[in-house]
Amino acid sequence: MLTDLQIANKTTPKHITQIAKGLGINEEELELYGKYKAKIEDCVFKRLKEKPNGKLVLVTAINPTPAGEGKTTITIGLGQAMHKINKNAVIALREPSLGPVFGIKGGATGGGYSQVLPMEEINLHFTGDMHAITAANNLLCALLDNHLHQGNKLNINPKSILIKRCLDMNDRSLRNIVIGLGGKMNGATREDGFIITVATEIMAILCLSQDIQDLKLRLSRILIAYTYDGCPIYAKDLRAQGAMTALLKEAIKPNLVQSLEGTPVIMHGGPFANIAHGCNSIRATKLALKLGDYCITEAGFGSDLGAEKFLDIKCRVAGLKPSCIVIVATVRALKYNGGVSYENLKHEDITALKTGLPNLGVHIENMRKFGVSVVVALNSFETDTENEISEVKNYCESMDCRFTVSRAFIQGGEGAIDLAREVCELCEENSNFSPIYSQDLPIKEKIFKIAKEVYRADGVFYTAEAEKSIKEIERLGRSNLPVCIAKTQYSLSDDALKLCRPKNFSITVRDVTISNGAGFIVVLTGNIMTMPGLPKLPAAEKIDIDKNEKITGIF
């Protein structure tokens with residue numbers, strides 16, 4: 001089979017104005033970035049404000065293997081399949097980060113015959129949103145260090161600074177650094193560090209903002225440090241929000257692109273799903289709901305991370321109500337959860353598959369707890385056997401859960417028609433959606449609710465540092481915010497080695513921080529890397545460009 005990039009290069013996309021026209025968007029309502037990319041102007045939001053919303057379909061997954069299970073591929077394939085059965089669907093996705101593109105996981109534009117175009121441009125610089133977010137974050141850091149250098153009128157304690165610089169790249173050497181070396185004129189000497197752009201609070205803020213004024217307000221609320229007397233210092237105390245918002249003026253506009261089959265795709269924002277909420281922007285999702293009868297969107301990693309945060313944070317903030325949830329599973333991930341090593345997943349192993357199936361069961365049960373109908377989509381790989389597929393189907397039937405096999409990777413929309421029909425049927429049922437916890441509960445009760453109901457933990461242990469941080473958030477009067485638990489994506493627990501359906505465990509909260517501008521409390525468990533490193537053989541080594549400017553090696 002051709003590579004993803006070869007498939008993309010063999011396809012001639014429609015001019016983006018044609019895609020927009022099919023959605024009822026006029027050319028003057030677009031800001032063009034060449035022939036195949038555009039930003040959608042704010043006037044479209046205003047024009048469609050009173051139009052009824054379509055149905056919201058969330059695509060999530062089970063706990064994955066290190067390579068991921070093709071959730072984006074299924075999302076795109078489902079959107080394409082909807083058009084094949086004459087349904088007006090719009091896909092809403094996250095933007096790729098350069099870190100995974102040049103690292104181990106690759107891009108975020110789907111795969112095979114379920115891709116978003118232009119694939120290589122989206123995976124590289126796209127429309128510059130990541131650069132704008134990086135600049136806004138680093139401007140805030142620069143203003144803070146300049147304030148220290150210029151006399152520190154606000155009496156900021158340099159050892160209490162909470163924000164870090166960022167870079168949209170995997171670079172472990174920048175995790176911990178010392179700045180201000182080389183003499184008095186080079187600023188205050190202090191410890192600092194970098195995080196990857198998609199892990200910044202600015203990214204989360206962009207994705208949770210309703211409009212540019214809301215963006216500016218949220219930026220002003222970022223908690224950046226404390227004074228020597230313990231008083232909080234916010235971005236507004238440095239008068240930073242105006243310039244930061246100016247840098248993000250274009251980035252807040254959703255991007256319009258298309259799938260291989262010409263299905264409209266709104267791609268905007270991309271926060272990490274373990275450290276942040278892992279969903280595309282509220283603006284993108286709301287716009288897709290106005291432009292289509294169905295909005296097909298996804299949330300990062302498994303349902304214990306991205307979907308829980310989509311449902312408990314994003315839906316709460318935006319007033320959204322999903323009509324259906326698709327859980328993507330693969331035979332290989334189920335065998336991985338059943339104890340098979342990553343290198344041996346190509347071989348049939350019914351015993352391991354049966355051992356891993358309870359992981360799927362937990363995800364089905366969890367999504368039903370939110371009051372939304374569920375269908376399982378088995379993302380088909382060529383190494384899957386009929387016996388293995390039958391085993392998964394029988395398990396879903398035993399749980400009275402709808403089941404389909406998706407071959408979107410090799411067949412595009414045609415390979416996801418059964419899934420599309422199941423989704424349409426489920427969307428006609430009444431959704432009794434409700435978040436899993438009340439926002440007004442104390443912080444620890446919200447954490448325990450998620451730990452018990454979603455992870456199936458017996459309890460929660462807090463370090464002394466975490467206890468102190470919770471008290472500080474309560475002192476700031478912000479305990480009523482939703483919680484965003486940062487943990488490994490490979491396990492329902494906080495231990496990446498505890499696969500399948502762990503039992504008899506507690507999670508350990510090592511620290512708690514507040515993303516005050518984004519509007520949630522971050523609960524840190526395990527060792528979550530906010531600045532990943534490159535693998536021994538980075539994907540970047542295979543990427544090249546020839547004399548005709550043809551790029552190769554991106555996947």
# chains A, B, ... in the order shown; residues from 1 in each chain; ligands from 1
>>> residues_around(residues="Leu426 (chain A)", least_positions_apart="6", cutoff="12 Å", atoms="only C-alpha atoms", output="ChimeraX atom specification")
/A:55-57,322-326,372-375,401-402,419-420
>>> select_by_dssp(residues="region 246-348 of chain A", states="helix (DSSP H, G or I)", output="NGL selection string")
:A and (246-247 or 282-291 or 303-318 or 331-337 or 342-344)
>>> closest_atom_pairs(of="region 258-313 of chain A", to="region 215-238 of chain A", cutoff="12 Å", atoms="only C-alpha atoms", output="Markdown table")
| residue | atom | partner | partner_atom | distance |
| --- | --- | --- | --- | --- |
| A:Ser281 | CA | A:Leu215 | CA | 11.9 |
| A:Ile282 | CA | A:Leu215 | CA | 11.7 |
| A:Arg283 | CA | A:Leu215 | CA | 11.4 |
>>> write_last_selection(atoms="N, CA, C and O atoms", output="compact mmCIF listing (two decimals), in the first residue's frame")
# COMPACT_ATOMS: atom_id res chain seq x y z
N SER A 281 -10.81 23.49 19.61
CA SER A 281 -11.38 24.69 20.24
C SER A 281 -12.91 24.65 20.30
O SER A 281 -13.57 24.03 19.46
N ILE A 282 -13.43 25.34 21.28
CA ILE A 282 -14.88 25.52 21.40
C ILE A 282 -15.42 26.21 20.14
O ILE A 282 -16.48 25.86 19.63
N ARG A 283 -14.67 27.20 19.66
CA ARG A 283 -15.12 27.94 18.47
C ARG A 283 -15.25 27.02 17.26
O ARG A 283 -16.21 27.11 16.49
>>> residues_around(residues="Ser493 (chain A)", least_positions_apart="6", cutoff="9 Å", atoms="only C-alpha atoms", output="compact mmCIF listing (two decimals) with N, CA and C atoms, in the first residue's frame")
# COMPACT_ATOMS: atom_id res chain seq x y z
N ALA A 451 -11.56 9.49 39.96
CA ALA A 451 -10.71 8.34 40.26
C ALA A 451 -11.53 7.07 40.46
N TYR A 455 -11.49 5.77 36.63
CA TYR A 455 -10.30 4.93 36.69
C TYR A 455 -10.54 3.63 37.45
N ARG A 456 -11.56 3.60 38.29
CA ARG A 456 -11.90 2.46 39.16
C ARG A 456 -10.88 2.29 40.29
N ALA A 457 -10.34 3.40 40.76
CA ALA A 457 -9.40 3.39 41.88
C ALA A 457 -10.14 3.21 43.20
N LYS A 487 -2.42 12.37 33.80
CA LYS A 487 -1.89 11.03 34.10
C LYS A 487 -1.48 10.34 32.81
N LEU A 499 -1.87 -2.42 33.03
CA LEU A 499 -2.70 -2.43 31.83
C LEU A 499 -4.06 -3.07 32.09
N ARG A 501 -7.60 -3.74 33.04
CA ARG A 501 -8.55 -3.20 34.01
C ARG A 501 -7.95 -3.38 35.40
N PRO A 502 -7.06 -2.49 35.83
CA PRO A 502 -6.38 -2.66 37.11
C PRO A 502 -7.36 -2.70 38.29
N PHE A 505 -6.06 -0.58 43.55
CA PHE A 505 -5.02 0.43 43.46
C PHE A 505 -5.59 1.79 43.88
N SER A 506 -4.68 2.66 44.28
CA SER A 506 -5.00 4.05 44.55
C SER A 506 -4.15 4.91 43.63
N ILE A 507 -4.61 6.10 43.33
CA ILE A 507 -3.77 7.02 42.56
C ILE A 507 -3.11 8.00 43.52
>>> residues_around(residues="Asn366 (chain A)", least_positions_apart="3", cutoff="12 Å", atoms="only C-alpha atoms", output="ChimeraX atom specification")
/A:60-62,302-305,307-308,311,325,327,359-363,369-374,435-436,450-456,492
>>> select_by_dssp(residues="region 292-476 of chain A", states="strand (DSSP E)", output="MDAnalysis selection string")
chainID A and resid 294:298 322:329 374:379 402:406 459:462
>>> residues_around(residues="Glu549 (chain A)", least_positions_apart="4", cutoff="12 Å", atoms="only C-alpha atoms", output="MDAnalysis selection string")
chainID A and resid 120 544:545
>>> write_last_selection(atoms="N, CA, C and O atoms", output="compact mmCIF listing (two decimals), in the first residue's frame")
# COMPACT_ATOMS: atom_id res chain seq x y z
N GLU A 120 0.98 17.56 4.32
CA GLU A 120 2.31 17.99 4.76
C GLU A 120 2.29 19.41 5.30
O GLU A 120 3.00 19.73 6.26
N ASP A 544 12.42 14.60 4.22
CA ASP A 544 13.35 15.25 3.29
C ASP A 544 12.55 16.08 2.28
O ASP A 544 11.32 15.99 2.22
N ILE A 545 13.25 16.89 1.50
CA ILE A 545 12.64 17.68 0.44
C ILE A 545 13.59 17.68 -0.75
O ILE A 545 14.81 17.83 -0.59
>>> residues_around(residues="Asn26 (chain A)", least_positions_apart="2", cutoff="12 Å", atoms="only C-alpha atoms", output="JSON, numbers by chain")
{"A": [16, 17, 18, 19, 20, 21, 22, 23, 24, 28, 29, 30, 31, 32, 38, 40, 41, 43, 44, 47]}
>>> closest_residue(among="A:Ile296, A:Leu139, A:Ile275, A:Ala284", to="Val198 (chain A)", atoms="only C-alpha atoms")
A:Ile275
>>> closest_residue(among="A:Val522, A:Val509, A:Leu124, A:Ala496", to="Glu465 (chain A)", atoms="only C-alpha atoms")
A:Val509
>>> closest_atom_pairs(of="region 467-539 of chain A", to="region 269-274 of chain A", cutoff="10 Å", atoms="only C-alpha atoms", output="JSON lines")
{"residue": "A:Cys484", "atom": "CA", "partner": "A:Asn274", "partner_atom": "CA", "distance": 8.5}
{"residue": "A:Ile485", "atom": "CA", "partner": "A:Asn274", "partner_atom": "CA", "distance": 7.3}
{"residue": "A:Ala486", "atom": "CA", "partner": "A:Asn274", "partner_atom": "CA", "distance": 4.7}
{"residue": "A:Lys487", "atom": "CA", "partner": "A:Asn274", "partner_atom": "CA", "distance": 5.7}
{"residue": "A:Thr488", "atom": "CA", "partner": "A:Asn274", "partner_atom": "CA", "distance": 6.8}
{"residue": "A:Gln489", "atom": "CA", "partner": "A:Asn274", "partner_atom": "CA", "distance": 6.9}
{"residue": "A:Val522", "atom": "CA", "partner": "A:Asn274", "partner_atom": "CA", "distance": 9.9}
{"residue": "A:Leu524", "atom": "CA", "partner": "A:Asn274", "partner_atom": "CA", "distance": 9.4}
{"residue": "A:Thr525", "atom": "CA", "partner": "A:Asn274", "partner_atom": "CA", "distance": 10.0}
{"residue": "A:Ile528", "atom": "CA", "partner": "A:Asn274", "partner_atom": "CA", "distance": 7.6}
{"residue": "A:Met529", "atom": "CA", "partner": "A:Asn274", "partner_atom": "CA", "distance": 9.3}
{"residue": "A:Thr530", "atom": "CA", "partner": "A:Phe272", "partner_atom": "CA", "distance": 8.8}
>>> write_last_selection(atoms="C-alpha atoms", output="PDB file, in the first residue's frame")
ATOM      1  CA  CYS A 484      -8.157  18.260  34.798  1.00  0.00           C
ATOM      2  CA  ILE A 485      -6.267  15.155  35.921  1.00  0.00           C
ATOM      3  CA  ALA A 486      -2.869  14.686  34.284  1.00  0.00           C
ATOM      4  CA  LYS A 487      -1.894  11.032  34.104  1.00  0.00           C
ATOM      5  CA  THR A 488      -0.493   8.396  31.779  1.00  0.00           C
ATOM      6  CA  GLN A 489      -2.515   7.510  28.700  1.00  0.00           C
ATOM      7  CA  VAL A 522      -4.612  20.617  37.006  1.00  0.00           C
ATOM      8  CA  LEU A 524      -0.693  15.957  38.554  1.00  0.00           C
ATOM      9  CA  THR A 525      -0.261  12.217  38.969  1.00  0.00           C
ATOM     10  CA  ILE A 528       3.904  13.613  33.046  1.00  0.00           C
ATOM     11  CA  MET A 529       6.409  15.151  30.658  1.00  0.00           C
ATOM     12  CA  THR A 530       5.442  18.655  29.538  1.00  0.00           C
TER      13      THR A 530
END
>>> atom_distance(atom1="CA of Glu428 (chain A)", atom2="CA of Gly292 (chain A)")
15.7 Å
>>> atom_distance(atom1="CA of Ala329 (chain A)", atom2="CA of Ser406 (chain A)")
10.0 Å
>>> decode(residues="region 62-109 of chain A", atoms="N, CA and C atoms", output="PDB file, in the first residue's frame")
ATOM      1  N   ILE A  62     -10.045   3.353  23.470  1.00  0.00           N
ATOM      2  CA  ILE A  62      -9.582   2.604  24.629  1.00  0.00           C
ATOM      3  C   ILE A  62      -8.150   3.034  24.937  1.00  0.00           C
ATOM      4  N   ASN A  63      -7.536   2.474  25.988  1.00  0.00           N
ATOM      5  CA  ASN A  63      -6.141   2.802  26.281  1.00  0.00           C
ATOM      6  C   ASN A  63      -5.249   2.267  25.159  1.00  0.00           C
ATOM      7  N   PRO A  64      -4.382   3.117  24.613  1.00  0.00           N
ATOM      8  CA  PRO A  64      -3.699   2.792  23.364  1.00  0.00           C
ATOM      9  C   PRO A  64      -2.353   2.094  23.533  1.00  0.00           C
ATOM     10  N   THR A  65      -1.825   1.632  22.406  1.00  0.00           N
ATOM     11  CA  THR A  65      -0.428   1.245  22.307  1.00  0.00           C
ATOM     12  C   THR A  65       0.390   2.527  22.104  1.00  0.00           C
ATOM     13  N   PRO A  66       1.721   2.458  22.169  1.00  0.00           N
ATOM     14  CA  PRO A  66       2.517   3.670  21.969  1.00  0.00           C
ATOM     15  C   PRO A  66       2.305   4.346  20.620  1.00  0.00           C
ATOM     16  N   ALA A  67       1.849   3.603  19.608  1.00  0.00           N
ATOM     17  CA  ALA A  67       1.667   4.183  18.275  1.00  0.00           C
ATOM     18  C   ALA A  67       0.287   4.776  18.065  1.00  0.00           C
ATOM     19  N   GLY A  68      -0.637   4.628  19.025  1.00  0.00           N
ATOM     20  CA  GLY A  68      -1.990   5.131  18.850  1.00  0.00           C
ATOM     21  C   GLY A  68      -2.840   4.152  18.053  1.00  0.00           C
ATOM     22  N   GLU A  69      -4.140   4.332  18.106  1.00  0.00           N
ATOM     23  CA  GLU A  69      -5.059   3.349  17.511  1.00  0.00           C
ATOM     24  C   GLU A  69      -5.874   3.874  16.336  1.00  0.00           C
ATOM     25  N   GLY A  70      -5.500   5.025  15.789  1.00  0.00           N
ATOM     26  CA  GLY A  70      -6.179   5.522  14.601  1.00  0.00           C
ATOM     27  C   GLY A  70      -7.480   6.242  14.874  1.00  0.00           C
ATOM     28  N   LYS A  71      -7.548   6.912  16.005  1.00  0.00           N
ATOM     29  CA  LYS A  71      -8.785   7.635  16.358  1.00  0.00           C
ATOM     30  C   LYS A  71      -9.094   8.742  15.351  1.00  0.00           C
ATOM     31  N   THR A  72      -8.063   9.466  14.935  1.00  0.00           N
ATOM     32  CA  THR A  72      -8.273  10.523  13.945  1.00  0.00           C
ATOM     33  C   THR A  72      -8.679   9.927  12.591  1.00  0.00           C
ATOM     34  N   THR A  73      -8.085   8.802  12.236  1.00  0.00           N
ATOM     35  CA  THR A  73      -8.441   8.125  10.986  1.00  0.00           C
ATOM     36  C   THR A  73      -9.918   7.737  10.986  1.00  0.00           C
ATOM     37  N   ILE A  74     -10.403   7.223  12.104  1.00  0.00           N
ATOM     38  CA  ILE A  74     -11.819   6.840  12.207  1.00  0.00           C
ATOM     39  C   ILE A  74     -12.705   8.080  12.172  1.00  0.00           C
ATOM     40  N   THR A  75     -12.292   9.138  12.844  1.00  0.00           N
ATOM     41  CA  THR A  75     -13.071  10.385  12.846  1.00  0.00           C
ATOM     42  C   THR A  75     -13.252  10.910  11.427  1.00  0.00           C
ATOM     43  N   ILE A  76     -12.157  10.947  10.684  1.00  0.00           N
ATOM     44  CA  ILE A  76     -12.216  11.425   9.299  1.00  0.00           C
ATOM     45  C   ILE A  76     -13.030  10.463   8.434  1.00  0.00           C
ATOM     46  N   GLY A  77     -12.786   9.157   8.605  1.00  0.00           N
ATOM     47  CA  GLY A  77     -13.532   8.164   7.834  1.00  0.00           C
ATOM     48  C   GLY A  77     -15.021   8.245   8.089  1.00  0.00           C
ATOM     49  N   LEU A  78     -15.401   8.479   9.342  1.00  0.00           N
ATOM     50  CA  LEU A  78     -16.821   8.614   9.689  1.00  0.00           C
ATOM     51  C   LEU A  78     -17.418   9.843   9.011  1.00  0.00           C
ATOM     52  N   GLY A  79     -16.684  10.953   9.041  1.00  0.00           N
ATOM     53  CA  GLY A  79     -17.174  12.164   8.381  1.00  0.00           C
ATOM     54  C   GLY A  79     -17.373  11.945   6.893  1.00  0.00           C
ATOM     55  N   GLN A  80     -16.415  11.249   6.267  1.00  0.00           N
ATOM     56  CA  GLN A  80     -16.523  10.953   4.840  1.00  0.00           C
ATOM     57  C   GLN A  80     -17.699  10.016   4.563  1.00  0.00           C
ATOM     58  N   ALA A  81     -17.889   9.027   5.437  1.00  0.00           N
ATOM     59  CA  ALA A  81     -18.986   8.076   5.265  1.00  0.00           C
ATOM     60  C   ALA A  81     -20.343   8.762   5.394  1.00  0.00           C
ATOM     61  N   MET A  82     -20.433   9.744   6.271  1.00  0.00           N
ATOM     62  CA  MET A  82     -21.684  10.488   6.420  1.00  0.00           C
ATOM     63  C   MET A  82     -22.097  11.117   5.091  1.00  0.00           C
ATOM     64  N   HIS A  83     -21.143  11.651   4.386  1.00  0.00           N
ATOM     65  CA  HIS A  83     -21.450  12.272   3.090  1.00  0.00           C
ATOM     66  C   HIS A  83     -21.858  11.220   2.061  1.00  0.00           C
ATOM     67  N   LYS A  84     -21.309  10.020   2.181  1.00  0.00           N
ATOM     68  CA  LYS A  84     -21.675   8.958   1.249  1.00  0.00           C
ATOM     69  C   LYS A  84     -23.119   8.489   1.446  1.00  0.00           C
ATOM     70  N   ILE A  85     -23.650   8.673   2.662  1.00  0.00           N
ATOM     71  CA  ILE A  85     -25.060   8.318   2.895  1.00  0.00           C
ATOM     72  C   ILE A  85     -25.929   9.589   2.934  1.00  0.00           C
ATOM     73  N   ASN A  86     -25.385  10.643   2.299  1.00  0.00           N
ATOM     74  CA  ASN A  86     -26.121  11.899   2.088  1.00  0.00           C
ATOM     75  C   ASN A  86     -26.475  12.643   3.378  1.00  0.00           C
ATOM     76  N   LYS A  87     -25.558  12.602   4.331  1.00  0.00           N
ATOM     77  CA  LYS A  87     -25.710  13.376   5.560  1.00  0.00           C
ATOM     78  C   LYS A  87     -24.735  14.545   5.539  1.00  0.00           C
ATOM     79  N   ASN A  88     -25.185  15.689   6.001  1.00  0.00           N
ATOM     80  CA  ASN A  88     -24.360  16.888   6.012  1.00  0.00           C
ATOM     81  C   ASN A  88     -23.519  16.920   7.295  1.00  0.00           C
ATOM     82  N   ALA A  89     -22.280  16.453   7.190  1.00  0.00           N
ATOM     83  CA  ALA A  89     -21.408  16.367   8.354  1.00  0.00           C
ATOM     84  C   ALA A  89     -20.182  17.251   8.181  1.00  0.00           C
ATOM     85  N   VAL A  90     -19.739  17.828   9.292  1.00  0.00           N
ATOM     86  CA  VAL A  90     -18.509  18.621   9.326  1.00  0.00           C
ATOM     87  C   VAL A  90     -17.605  18.006  10.388  1.00  0.00           C
ATOM     88  N   ILE A  91     -16.359  17.789  10.033  1.00  0.00           N
ATOM     89  CA  ILE A  91     -15.384  17.206  10.958  1.00  0.00           C
ATOM     90  C   ILE A  91     -14.662  18.335  11.694  1.00  0.00           C
ATOM     91  N   ALA A  92     -14.464  18.173  13.003  1.00  0.00           N
ATOM     92  CA  ALA A  92     -13.736  19.169  13.796  1.00  0.00           C
ATOM     93  C   ALA A  92     -12.576  18.475  14.515  1.00  0.00           C
ATOM     94  N   LEU A  93     -11.344  18.867  14.185  1.00  0.00           N
ATOM     95  CA  LEU A  93     -10.152  18.195  14.693  1.00  0.00           C
ATOM     96  C   LEU A  93      -9.176  19.163  15.365  1.00  0.00           C
ATOM     97  N   ARG A  94      -8.221  18.573  16.086  1.00  0.00           N
ATOM     98  CA  ARG A  94      -7.114  19.335  16.650  1.00  0.00           C
ATOM     99  C   ARG A  94      -6.023  19.528  15.599  1.00  0.00           C
ATOM    100  N   GLU A  95      -5.207  20.561  15.798  1.00  0.00           N
ATOM    101  CA  GLU A  95      -4.047  20.779  14.944  1.00  0.00           C
ATOM    102  C   GLU A  95      -2.866  19.942  15.440  1.00  0.00           C
ATOM    103  N   PRO A  96      -2.005  19.512  14.514  1.00  0.00           N
ATOM    104  CA  PRO A  96      -0.814  18.764  14.933  1.00  0.00           C
ATOM    105  C   PRO A  96       0.214  19.656  15.626  1.00  0.00           C
ATOM    106  N   SER A  97       0.999  19.027  16.478  1.00  0.00           N
ATOM    107  CA  SER A  97       2.169  19.663  17.082  1.00  0.00           C
ATOM    108  C   SER A  97       3.409  19.136  16.368  1.00  0.00           C
ATOM    109  N   LEU A  98       4.416  19.985  16.193  1.00  0.00           N
ATOM    110  CA  LEU A  98       5.644  19.548  15.531  1.00  0.00           C
ATOM    111  C   LEU A  98       6.403  18.506  16.353  1.00  0.00           C
ATOM    112  N   GLY A  99       6.182  18.486  17.667  1.00  0.00           N
ATOM    113  CA  GLY A  99       6.874  17.512  18.509  1.00  0.00           C
ATOM    114  C   GLY A  99       6.639  16.080  18.059  1.00  0.00           C
ATOM    115  N   PRO A 100       5.375  15.617  18.025  1.00  0.00           N
ATOM    116  CA  PRO A 100       5.102  14.262  17.543  1.00  0.00           C
ATOM    117  C   PRO A 100       5.459  14.059  16.070  1.00  0.00           C
ATOM    118  N   VAL A 101       5.284  15.100  15.236  1.00  0.00           N
ATOM    119  CA  VAL A 101       5.599  14.970  13.805  1.00  0.00           C
ATOM    120  C   VAL A 101       7.057  14.568  13.611  1.00  0.00           C
ATOM    121  N   PHE A 102       7.961  15.196  14.363  1.00  0.00           N
ATOM    122  CA  PHE A 102       9.383  14.899  14.231  1.00  0.00           C
ATOM    123  C   PHE A 102       9.859  13.841  15.227  1.00  0.00           C
ATOM    124  N   GLY A 103       8.951  13.384  16.093  1.00  0.00           N
ATOM    125  CA  GLY A 103       9.318  12.420  17.124  1.00  0.00           C
ATOM    126  C   GLY A 103       9.004  10.990  16.751  1.00  0.00           C
ATOM    127  N   ILE A 104       8.041  10.380  17.484  1.00  0.00           N
ATOM    128  CA  ILE A 104       7.747   8.969  17.274  1.00  0.00           C
ATOM    129  C   ILE A 104       6.344   8.712  16.732  1.00  0.00           C
ATOM    130  N   LYS A 105       5.399   9.573  17.056  1.00  0.00           N
ATOM    131  CA  LYS A 105       4.002   9.280  16.734  1.00  0.00           C
ATOM    132  C   LYS A 105       3.597   9.758  15.342  1.00  0.00           C
ATOM    133  N   GLY A 106       4.308  10.730  14.797  1.00  0.00           N
ATOM    134  CA  GLY A 106       3.945  11.241  13.484  1.00  0.00           C
ATOM    135  C   GLY A 106       2.896  12.329  13.566  1.00  0.00           C
ATOM    136  N   GLY A 107       2.289  12.637  12.433  1.00  0.00           N
ATOM    137  CA  GLY A 107       1.348  13.744  12.340  1.00  0.00           C
ATOM    138  C   GLY A 107      -0.025  13.439  12.885  1.00  0.00           C
ATOM    139  N   ALA A 108      -0.945  14.362  12.644  1.00  0.00           N
ATOM    140  CA  ALA A 108      -2.302  14.223  13.196  1.00  0.00           C
ATOM    141  C   ALA A 108      -3.344  14.548  12.148  1.00  0.00           C
ATOM    142  N   THR A 109      -3.116  14.028  10.937  1.00  0.00           N
ATOM    143  CA  THR A 109      -4.062  14.287   9.856  1.00  0.00           C
ATOM    144  C   THR A 109      -4.731  13.006   9.378  1.00  0.00           C
TER     145      THR A 109
END
